[in-house]
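Below is run35.tsv, holding TSV, N, CA and C atoms.
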chain	number	residue	atom	x	y	z
A	14	GLN	N	226.61	251.49	183.39
A	14	GLN	CA	227.67	250.51	183.29
A	14	GLN	C	227.84	250.10	181.83
A	15	VAL	N	229.02	250.33	181.30
A	15	VAL	CA	229.31	249.98	179.91
A	15	VAL	C	229.85	248.57	179.87
A	16	GLN	N	229.31	247.78	178.95
A	16	GLN	CA	229.80	246.42	178.75
A	16	GLN	C	230.06	246.17	177.28
A	17	LEU	N	231.15	245.49	177.00
A	17	LEU	CA	231.49	245.07	175.65
A	17	LEU	C	231.55	243.55	175.66
A	18	VAL	N	230.79	242.92	174.79
A	18	VAL	CA	230.73	241.46	174.76
A	18	VAL	C	231.09	240.98	173.36
A	19	GLU	N	232.21	240.26	173.28
A	19	GLU	CA	232.66	239.72	172.00
A	19	GLU	C	232.04	238.35	171.75
A	20	SER	N	231.90	238.02	170.49
A	20	SER	CA	231.44	236.69	170.09
A	20	SER	C	231.98	236.39	168.70
A	21	GLY	N	231.89	235.12	168.33
A	21	GLY	CA	232.28	234.73	166.98
A	21	GLY	C	233.62	234.02	166.87
A	22	GLY	N	234.34	233.91	167.98
A	22	GLY	CA	235.61	233.19	167.93
A	22	GLY	C	235.41	231.70	167.78
A	23	GLY	N	236.52	231.01	167.56
A	23	GLY	CA	236.45	229.57	167.42
A	23	GLY	C	237.66	229.00	166.75
A	24	LEU	N	237.54	227.75	166.33
A	24	LEU	CA	238.62	227.05	165.64
A	24	LEU	C	238.36	227.07	164.14
A	25	VAL	N	239.37	227.45	163.38
A	25	VAL	CA	239.23	227.53	161.92
A	25	VAL	C	240.52	227.04	161.29
A	26	GLN	N	240.41	226.47	160.11
A	26	GLN	CA	241.60	226.01	159.40
A	26	GLN	C	242.32	227.17	158.72
A	27	PRO	N	243.60	227.04	158.49
A	27	PRO	CA	244.32	228.09	157.75
A	27	PRO	C	243.64	228.36	156.43
A	28	GLY	N	243.53	229.66	156.11
A	28	GLY	CA	242.85	230.08	154.90
A	28	GLY	C	241.37	230.34	155.10
A	29	GLY	N	240.85	229.98	156.26
A	29	GLY	CA	239.44	230.17	156.54
A	29	GLY	C	239.10	231.58	157.00
A	30	SER	N	237.83	231.76	157.34
A	30	SER	CA	237.32	233.07	157.73
A	30	SER	C	236.51	232.98	159.02
A	31	LEU	N	236.50	234.08	159.74
A	31	LEU	CA	235.65	234.24	160.92
A	31	LEU	C	235.15	235.66	160.98
A	32	LEU	N	233.97	235.83	161.55
A	32	LEU	CA	233.43	237.17	161.78
A	32	LEU	C	233.26	237.35	163.28
A	33	LEU	N	234.01	238.29	163.85
A	33	LEU	CA	233.87	238.62	165.25
A	33	LEU	C	232.90	239.78	165.41
A	34	SER	N	232.12	239.72	166.48
A	34	SER	CA	231.19	240.80	166.78
A	34	SER	C	231.44	241.30	168.20
A	35	CYS	N	231.19	242.57	168.40
A	35	CYS	CA	231.32	243.18	169.72
A	35	CYS	C	230.06	243.99	169.99
A	36	ALA	N	229.26	243.50	170.88
A	36	ALA	CA	228.02	244.19	171.25
A	36	ALA	C	228.29	245.11	172.43
A	37	VAL	N	227.91	246.36	172.26
A	37	VAL	CA	228.16	247.37	173.28
A	37	VAL	C	226.86	247.74	173.98
A	38	SER	N	226.85	247.65	175.28
A	38	SER	CA	225.66	248.04	176.04
A	38	SER	C	226.05	249.09	177.07
A	39	GLY	N	225.07	249.84	177.52
A	39	GLY	CA	225.35	250.89	178.48
A	39	GLY	C	225.44	252.24	177.80
A	40	SER	N	225.89	253.21	178.55
A	40	SER	CA	225.93	254.58	178.06
A	40	SER	C	227.20	254.81	177.25
A	41	ILE	N	227.11	254.61	175.95
A	41	ILE	CA	228.25	254.82	175.08
A	41	ILE	C	227.75	255.44	173.78
A	42	SER	N	228.47	256.43	173.31
A	42	SER	CA	227.99	257.13	172.12
A	42	SER	C	228.79	256.71	170.89
A	43	SER	N	228.29	257.13	169.75
A	43	SER	CA	228.96	256.81	168.50
A	43	SER	C	230.27	257.57	168.35
A	44	ARG	N	230.57	258.49	169.26
A	44	ARG	CA	231.84	259.22	169.18
A	44	ARG	C	233.03	258.37	169.60
A	45	TYR	N	232.78	257.26	170.24
A	45	TYR	CA	233.88	256.42	170.69
A	45	TYR	C	234.65	255.86	169.50
A	46	VAL	N	235.96	255.80	169.65
A	46	VAL	CA	236.80	255.05	168.72
A	46	VAL	C	236.74	253.59	169.16
A	47	MET	N	236.42	252.72	168.23
A	47	MET	CA	236.29	251.30	168.55
A	47	MET	C	237.46	250.55	167.93
A	48	GLY	N	237.92	249.53	168.64
A	48	GLY	CA	239.06	248.80	168.12
A	48	GLY	C	239.03	247.33	168.51
A	49	TRP	N	239.83	246.59	167.79
A	49	TRP	CA	240.08	245.19	168.12
A	49	TRP	C	241.57	245.03	168.41
A	50	TYR	N	241.87	244.35	169.49
A	50	TYR	CA	243.23	244.03	169.86
A	50	TYR	C	243.32	242.51	170.02
A	51	ARG	N	244.54	242.01	170.05
A	51	ARG	CA	244.71	240.58	170.29
A	51	ARG	C	245.91	240.31	171.16
A	52	SER	N	245.83	239.20	171.86
A	52	SER	CA	246.90	238.80	172.77
A	52	SER	C	247.19	237.33	172.54
A	53	ALA	N	248.41	237.05	172.09
A	53	ALA	CA	248.85	235.67	171.87
A	53	ALA	C	249.75	235.25	173.03
A	54	PRO	N	249.83	233.94	173.29
A	54	PRO	CA	250.69	233.45	174.38
A	54	PRO	C	252.12	233.94	174.24
A	55	GLY	N	252.64	234.54	175.30
A	55	GLY	CA	254.02	235.01	175.28
A	55	GLY	C	254.23	236.32	174.58
A	56	LYS	N	253.15	236.94	174.13
A	56	LYS	CA	253.28	238.22	173.41
A	56	LYS	C	252.43	239.28	174.08
A	57	GLU	N	252.81	240.52	173.88
A	57	GLU	CA	252.03	241.63	174.41
A	57	GLU	C	250.77	241.82	173.58
A	58	ARG	N	249.77	242.41	174.21
A	58	ARG	CA	248.55	242.72	173.47
A	58	ARG	C	248.87	243.73	172.38
A	59	GLU	N	248.36	243.50	171.19
A	59	GLU	CA	248.65	244.38	170.06
A	59	GLU	C	247.37	244.84	169.38
A	60	LEU	N	247.48	246.02	168.78
A	60	LEU	CA	246.37	246.56	168.03
A	60	LEU	C	246.19	245.78	166.73
A	61	VAL	N	244.94	245.43	166.43
A	61	VAL	CA	244.63	244.77	165.16
A	61	VAL	C	244.01	245.77	164.19
A	62	ALA	N	242.98	246.48	164.66
A	62	ALA	CA	242.29	247.43	163.79
A	62	ALA	C	241.49	248.39	164.65
A	63	VAL	N	241.33	249.62	164.15
A	63	VAL	CA	240.50	250.61	164.83
A	63	VAL	C	239.62	251.30	163.81
A	64	ILE	N	238.50	251.82	164.30
A	64	ILE	CA	237.59	252.57	163.44
A	64	ILE	C	237.07	253.77	164.22
A	65	SER	N	237.14	254.93	163.60
A	65	SER	CA	236.71	256.15	164.26
A	65	SER	C	235.20	256.30	164.16
A	66	SER	N	234.70	257.34	164.83
A	66	SER	CA	233.27	257.61	164.77
A	66	SER	C	232.83	257.96	163.35
A	67	ALA	N	233.76	258.50	162.57
A	67	ALA	CA	233.44	258.87	161.19
A	67	ALA	C	233.64	257.72	160.21
A	68	GLY	N	234.16	256.60	160.72
A	68	GLY	CA	234.34	255.45	159.85
A	68	GLY	C	235.74	255.29	159.29
A	69	SER	N	236.66	256.14	159.69
A	69	SER	CA	238.05	255.98	159.25
A	69	SER	C	238.65	254.76	159.94
A	70	THR	N	239.45	254.02	159.19
A	70	THR	CA	240.01	252.77	159.73
A	70	THR	C	241.53	252.76	159.67
A	71	ASN	N	242.09	251.93	160.53
A	71	ASN	CA	243.54	251.73	160.53
A	71	ASN	C	243.80	250.30	160.96
A	72	TYR	N	244.80	249.67	160.32
A	72	TYR	CA	245.07	248.26	160.55
A	72	TYR	C	246.53	248.01	160.85
A	73	ALA	N	246.78	246.96	161.60
A	73	ALA	CA	248.14	246.50	161.77
A	73	ALA	C	248.63	245.98	160.42
A	74	ASP	N	249.91	246.14	160.14
A	74	ASP	CA	250.46	245.70	158.87
A	74	ASP	C	250.22	244.21	158.64
A	75	SER	N	250.23	243.44	159.70
A	75	SER	CA	250.11	241.99	159.58
A	75	SER	C	248.73	241.53	159.13
A	76	VAL	N	247.73	242.40	159.21
A	76	VAL	CA	246.38	241.99	158.85
A	76	VAL	C	245.80	242.79	157.68
A	77	LYS	N	246.55	243.77	157.19
A	77	LYS	CA	246.06	244.58	156.07
A	77	LYS	C	245.74	243.71	154.88
A	78	GLY	N	244.59	243.98	154.27
A	78	GLY	CA	244.17	243.22	153.11
A	78	GLY	C	243.45	241.93	153.45
A	79	ARG	N	243.49	241.53	154.73
A	79	ARG	CA	242.82	240.29	155.13
A	79	ARG	C	241.67	240.54	156.11
A	80	PHE	N	241.84	241.53	156.97
A	80	PHE	CA	240.82	241.84	157.98
A	80	PHE	C	240.11	243.14	157.64
A	81	THR	N	238.83	243.22	158.02
A	81	THR	CA	238.05	244.44	157.81
A	81	THR	C	237.25	244.75	159.08
A	82	ILE	N	237.44	245.95	159.58
A	82	ILE	CA	236.67	246.39	160.75
A	82	ILE	C	235.52	247.27	160.28
A	83	SER	N	234.39	247.14	160.93
A	83	SER	CA	233.23	247.97	160.60
A	83	SER	C	232.40	248.18	161.86
A	84	ARG	N	231.49	249.16	161.78
A	84	ARG	CA	230.65	249.43	162.94
A	84	ARG	C	229.23	249.76	162.48
A	85	ASP	N	228.27	249.38	163.29
A	85	ASP	CA	226.88	249.71	163.06
A	85	ASP	C	226.42	250.46	164.30
A	86	ASN	N	226.43	251.77	164.23
A	86	ASN	CA	226.11	252.58	165.42
A	86	ASN	C	224.66	252.38	165.86
A	87	ALA	N	223.79	252.11	164.92
A	87	ALA	CA	222.38	251.90	165.28
A	87	ALA	C	222.21	250.64	166.12
A	88	LYS	N	223.07	249.65	165.87
A	88	LYS	CA	223.00	248.40	166.62
A	88	LYS	C	224.02	248.34	167.74
A	89	ASN	N	224.82	249.42	167.90
A	89	ASN	CA	225.87	249.43	168.93
A	89	ASN	C	226.76	248.20	168.82
A	90	THR	N	227.17	247.91	167.60
A	90	THR	CA	227.97	246.70	167.35
A	90	THR	C	229.14	247.02	166.44
A	91	VAL	N	230.26	246.41	166.76
A	91	VAL	CA	231.47	246.52	165.95
A	91	VAL	C	231.84	245.12	165.46
A	92	TYR	N	232.32	245.05	164.25
A	92	TYR	CA	232.63	243.76	163.64
A	92	TYR	C	234.10	243.71	163.20
A	93	LEU	N	234.60	242.50	163.14
A	93	LEU	CA	235.92	242.27	162.54
A	93	LEU	C	235.79	241.05	161.64
A	94	GLN	N	235.79	241.30	160.34
A	94	GLN	CA	235.77	240.22	159.37
A	94	GLN	C	237.20	239.79	159.12
A	95	MET	N	237.48	238.52	159.38
A	95	MET	CA	238.84	238.01	159.23
A	95	MET	C	238.86	236.94	158.14
A	96	ASN	N	239.61	237.21	157.08
A	96	ASN	CA	239.74	236.28	155.96
A	96	ASN	C	241.19	235.82	155.83
A	97	SER	N	241.37	234.76	155.09
A	97	SER	CA	242.71	234.21	154.83
A	97	SER	C	243.49	234.07	156.14
A	98	LEU	N	242.86	233.46	157.10
A	98	LEU	CA	243.47	233.35	158.42
A	98	LEU	C	244.71	232.48	158.41
A	99	LYS	N	245.67	232.86	159.23
A	99	LYS	CA	246.95	232.15	159.33
A	99	LYS	C	247.12	231.65	160.78
A	100	PRO	N	247.95	230.64	160.96
A	100	PRO	CA	248.19	230.16	162.33
A	100	PRO	C	248.68	231.27	163.27
A	101	GLU	N	249.43	232.22	162.73
A	101	GLU	CA	249.93	233.31	163.58
A	101	GLU	C	248.84	234.29	163.99
A	102	ASP	N	247.64	234.13	163.47
A	102	ASP	CA	246.51	234.96	163.92
A	102	ASP	C	245.88	234.39	165.19
A	103	THR	N	246.32	233.21	165.61
A	103	THR	CA	245.79	232.60	166.83
A	103	THR	C	246.06	233.50	168.03
A	104	ALA	N	244.99	233.85	168.75
A	104	ALA	CA	245.10	234.76	169.89
A	104	ALA	C	243.73	234.93	170.53
A	105	VAL	N	243.72	235.57	171.67
A	105	VAL	CA	242.47	236.06	172.24
A	105	VAL	C	242.25	237.46	171.69
A	106	TYR	N	241.07	237.68	171.13
A	106	TYR	CA	240.75	238.97	170.51
A	106	TYR	C	239.83	239.75	171.45
A	107	TYR	N	240.22	241.01	171.66
A	107	TYR	CA	239.50	241.88	172.59
A	107	TYR	C	238.92	243.09	171.86
A	108	CYS	N	237.71	243.41	172.23
A	108	CYS	CA	237.07	244.63	171.74
A	108	CYS	C	237.40	245.78	172.69
A	109	ASN	N	237.57	246.96	172.13
A	109	ASN	CA	237.96	248.14	172.92
A	109	ASN	C	237.16	249.35	172.47
A	110	ALA	N	236.76	250.14	173.46
A	110	ALA	CA	236.08	251.41	173.18
A	110	ALA	C	236.84	252.51	173.91
A	111	LYS	N	237.11	253.59	173.19
A	111	LYS	CA	237.94	254.65	173.76
A	111	LYS	C	237.40	256.02	173.37
A	112	LEU	N	237.30	256.89	174.38
A	112	LEU	CA	236.94	258.28	174.15
A	112	LEU	C	237.71	259.10	175.16
A	113	PHE	N	238.75	259.76	174.72
A	113	PHE	CA	239.64	260.53	175.59
A	113	PHE	C	240.17	259.62	176.69
A	114	ALA	N	239.86	259.90	177.95
A	114	ALA	CA	240.39	259.10	179.06
A	114	ALA	C	239.51	257.91	179.39
A	115	LEU	N	238.41	257.77	178.73
A	115	LEU	CA	237.48	256.66	178.99
A	115	LEU	C	237.86	255.48	178.10
A	116	VAL	N	238.16	254.36	178.73
A	116	VAL	CA	238.55	253.17	177.98
A	116	VAL	C	237.81	251.97	178.55
A	117	TYR	N	237.22	251.18	177.67
A	117	TYR	CA	236.51	249.98	178.08
A	117	TYR	C	237.01	248.79	177.26
A	118	TRP	N	237.02	247.62	177.92
A	118	TRP	CA	237.46	246.39	177.27
A	118	TRP	C	236.41	245.30	177.42
A	119	GLY	N	236.34	244.45	176.43
A	119	GLY	CA	235.54	243.24	176.55
A	119	GLY	C	236.35	242.14	177.20
A	120	GLN	N	235.71	240.98	177.37
A	120	GLN	CA	236.37	239.88	178.07
A	120	GLN	C	237.23	239.03	177.13
A	121	GLY	N	237.07	239.22	175.84
A	121	GLY	CA	237.88	238.50	174.87
A	121	GLY	C	237.21	237.27	174.31
A	122	THR	N	237.60	236.91	173.10
A	122	THR	CA	237.11	235.69	172.47
A	122	THR	C	238.30	235.00	171.79
A	123	GLN	N	238.39	233.70	171.97
A	123	GLN	CA	239.53	232.94	171.47
A	123	GLN	C	239.36	232.63	169.99
A	124	VAL	N	240.42	232.90	169.24
A	124	VAL	CA	240.48	232.50	167.84
A	124	VAL	C	241.69	231.58	167.68
A	125	THR	N	241.45	230.40	167.17
A	125	THR	CA	242.51	229.42	166.95
A	125	THR	C	242.51	229.01	165.49
A	126	VAL	N	243.65	229.20	164.84
A	126	VAL	CA	243.81	228.84	163.44
A	126	VAL	C	244.75	227.65	163.37
A	127	SER	N	244.20	226.51	163.01
A	127	SER	CA	245.00	225.28	163.03
A	127	SER	C	244.36	224.24	162.13
A	128	SER	N	245.21	223.41	161.53
A	128	SER	CA	244.70	222.31	160.73
A	128	SER	C	244.60	221.04	161.57

Represent the supplied structure as structure tokens.
Amino acid sequence: QVQLVESGGGLVQPGGSLLLSCAVSGSISSRYVMGWYRSAPGKERELVAVISSAGSTNYADSVKGRFTISRDNAKNTVYLQMNSLKPEDTAVYYCNAKLFALVYWGQGTQVTVSS
């Protein structure tokens, strides 16, 4: 049974930073593409960032230069460092693991950017 558990969300002021973590348990290999998605009220879930097994990354235009995705395969953990946060970054952030037709999701962690 594969489980993805996110942590690190919370309330932060505009311009602040948060580090999200996604701990992966169960039978999952480093070949999985790992990603972070987010879902804001009234909006569809959108891709934030992905990282391949080789470490290649891709970001949504709205977060480029502010967010950094990374992975530690030895610890089965994926991170999302979020800097210069804006109110429009407020959303539930979900961790995702994908390998061909196999897709797993975490339960999500709330990030709220507000003064």

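Nearest to A:Leu31 of all the residues A:Asn109, A:Ser97, A:Thr90, A:Ser75 is A:Ser97, based on only N, CA and C atoms.
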
So what do you get for atom CA of A:Asp102 versus atom C of A:Ser69, distance-wise? 21.7 Å

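You will find atom N of A:Gly68 at 23.3 Å from atom CA of A:Gly121.
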
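Across the structure, atom C of A:Gln120 and atom N of A:Gln94 are spaced 17.0 Å apart.
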
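Closest approach to A:Gly29 among A:Asn96, A:Ser42, A:Gln16, A:Asn86 is made by A:Asn96 (distances from all atoms listed in the file).
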
Please list as a PyMOL selection string every residue within 8 Å of A:Val15, counting only N, CA and C atoms and excluding residues in the same chain fewer than 4 positions away. chain A and resi 37-41+117-118

Which of these residues is nearest to A:Val126, using only C-alpha atoms: A:Leu33, A:Ile64, A:Leu98, A:Val91? A:Leu98

Which residue is closest to A:Tyr92? Choose from A:Tyr106, A:Leu17, A:Cys35, A:Val116 and count only N, CA and C atoms. A:Cys35

With 6.5 Å as the threshold, what does the neighbourhood of (235.8, 252.3, 160.5) contain in terms of residues, counting only N, CA and C atoms? Coordinates are those of the file; answer as a list in words. Val63, Ile64, Ser65, Ala67, Gly68, Ser69, Thr70, Asn71, Ile82, Ser83 and Arg84 of chain A

Would you mind exporting N, CA and C atoms of the selected residues as an mmCIF file, in the coordinates of the input?
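Result saved to part-v8.cif:
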data_model
loop_
_atom_site.group_PDB
_atom_site.id
_atom_site.type_symbol
_atom_site.label_atom_id
_atom_site.label_comp_id
_atom_site.auth_asym_id
_atom_site.auth_seq_id
_atom_site.Cartn_x
_atom_site.Cartn_y
_atom_site.Cartn_z
ATOM 1 N N VAL A 63 241.330 249.620 164.150
ATOM 2 C CA VAL A 63 240.500 250.610 164.830
ATOM 3 C C VAL A 63 239.620 251.300 163.810
ATOM 4 N N ILE A 64 238.500 251.820 164.300
ATOM 5 C CA ILE A 64 237.590 252.570 163.440
ATOM 6 C C ILE A 64 237.070 253.770 164.220
ATOM 7 N N SER A 65 237.140 254.930 163.600
ATOM 8 C CA SER A 65 236.710 256.150 164.260
ATOM 9 C C SER A 65 235.200 256.300 164.160
ATOM 10 N N ALA A 67 233.760 258.500 162.570
ATOM 11 C CA ALA A 67 233.440 258.870 161.190
ATOM 12 C C ALA A 67 233.640 257.720 160.210
ATOM 13 N N GLY A 68 234.160 256.600 160.720
ATOM 14 C CA GLY A 68 234.340 255.450 159.850
ATOM 15 C C GLY A 68 235.740 255.290 159.290
ATOM 16 N N SER A 69 236.660 256.140 159.690
ATOM 17 C CA SER A 69 238.050 255.980 159.250
ATOM 18 C C SER A 69 238.650 254.760 159.940
ATOM 19 N N THR A 70 239.450 254.020 159.190
ATOM 20 C CA THR A 70 240.010 252.770 159.730
ATOM 21 C C THR A 70 241.530 252.760 159.670
ATOM 22 N N ASN A 71 242.090 251.930 160.530
ATOM 23 C CA ASN A 71 243.540 251.730 160.530
ATOM 24 C C ASN A 71 243.800 250.300 160.960
ATOM 25 N N ILE A 82 237.440 245.950 159.580
ATOM 26 C CA ILE A 82 236.670 246.390 160.750
ATOM 27 C C ILE A 82 235.520 247.270 160.280
ATOM 28 N N SER A 83 234.390 247.140 160.930
ATOM 29 C CA SER A 83 233.230 247.970 160.600
ATOM 30 C C SER A 83 232.400 248.180 161.860
ATOM 31 N N ARG A 84 231.490 249.160 161.780
ATOM 32 C CA ARG A 84 230.650 249.430 162.940
ATOM 33 C C ARG A 84 229.230 249.760 162.480
#

Between A:Ser43, A:Thr122, A:Ala62, A:Ala36, which is the closest to A:Val76 once you count only C-alpha atoms? A:Ala62

Stretch 15-114 of chain A: which residues are strand (DSSP E) by DSSP, as a PyMOL selection string? chain A and resi 16-20+23-25+31-38+46-52+59-64+70-72+80-85+90-95+104-112

List as a ChimeraX atom specification the protein and nucleic acid residues near A:Arg51, meaning an atom at most 7 Å away when all atoms listed in the file are counted, but skip any in the same chain fewer than 3 places from it. /A:57-61,104-107

Nearest-residue call for A:Ser66, choices A:Val18, A:Val46, A:Val124, A:Met95, using only C-alpha atoms: A:Val46

Your completed stretch 76-91 of chain A with N, CA, C and O atoms, as a compact mmCIF listing (two decimals), in the frame of the given file:
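Once everything was written out, this is selection-v2.txt:
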# COMPACT_ATOMS: atom_id res chain seq x y z
N VAL A 76 247.73 242.40 159.21
CA VAL A 76 246.38 241.99 158.85
C VAL A 76 245.80 242.79 157.68
O VAL A 76 244.69 242.51 157.22
N LYS A 77 246.55 243.77 157.19
CA LYS A 77 246.06 244.58 156.07
C LYS A 77 245.74 243.71 154.88
O LYS A 77 246.52 242.83 154.51
N GLY A 78 244.59 243.98 154.27
CA GLY A 78 244.17 243.22 153.11
C GLY A 78 243.45 241.93 153.45
O GLY A 78 242.88 241.28 152.57
N ARG A 79 243.49 241.53 154.73
CA ARG A 79 242.82 240.29 155.13
C ARG A 79 241.67 240.54 156.11
O ARG A 79 240.68 239.82 156.09
N PHE A 80 241.84 241.53 156.97
CA PHE A 80 240.82 241.84 157.98
C PHE A 80 240.11 243.14 157.64
O PHE A 80 240.72 244.06 157.07
N THR A 81 238.83 243.22 158.02
CA THR A 81 238.05 244.44 157.81
C THR A 81 237.25 244.75 159.08
O THR A 81 236.50 243.89 159.56
N ILE A 82 237.44 245.95 159.58
CA ILE A 82 236.67 246.39 160.75
C ILE A 82 235.52 247.27 160.28
O ILE A 82 235.67 248.05 159.32
N SER A 83 234.39 247.14 160.93
CA SER A 83 233.23 247.97 160.60
C SER A 83 232.40 248.18 161.86
O SER A 83 232.59 247.49 162.85
N ARG A 84 231.49 249.16 161.78
CA ARG A 84 230.65 249.43 162.94
C ARG A 84 229.23 249.76 162.48
O ARG A 84 229.05 250.37 161.41
N ASP A 85 228.27 249.38 163.29
CA ASP A 85 226.88 249.71 163.06
C ASP A 85 226.42 250.46 164.30
O ASP A 85 226.09 249.84 165.32
N ASN A 86 226.43 251.77 164.23
CA ASN A 86 226.11 252.58 165.42
C ASN A 86 224.66 252.38 165.86
O ASN A 86 224.35 252.48 167.04
N ALA A 87 223.79 252.11 164.92
CA ALA A 87 222.38 251.90 165.28
C ALA A 87 222.21 250.64 166.12
O ALA A 87 221.32 250.57 166.99
N LYS A 88 223.07 249.65 165.87
CA LYS A 88 223.00 248.40 166.62
C LYS A 88 224.02 248.34 167.74
O LYS A 88 224.11 247.33 168.45
N ASN A 89 224.82 249.42 167.90
CA ASN A 89 225.87 249.43 168.93
C ASN A 89 226.76 248.20 168.82
O ASN A 89 227.06 247.53 169.82
N THR A 90 227.17 247.91 167.60
CA THR A 90 227.97 246.70 167.35
C THR A 90 229.14 247.02 166.44
O THR A 90 229.01 247.80 165.50
N VAL A 91 230.26 246.41 166.76
CA VAL A 91 231.47 246.52 165.95
C VAL A 91 231.84 245.12 165.46
O VAL A 91 231.70 244.15 166.21
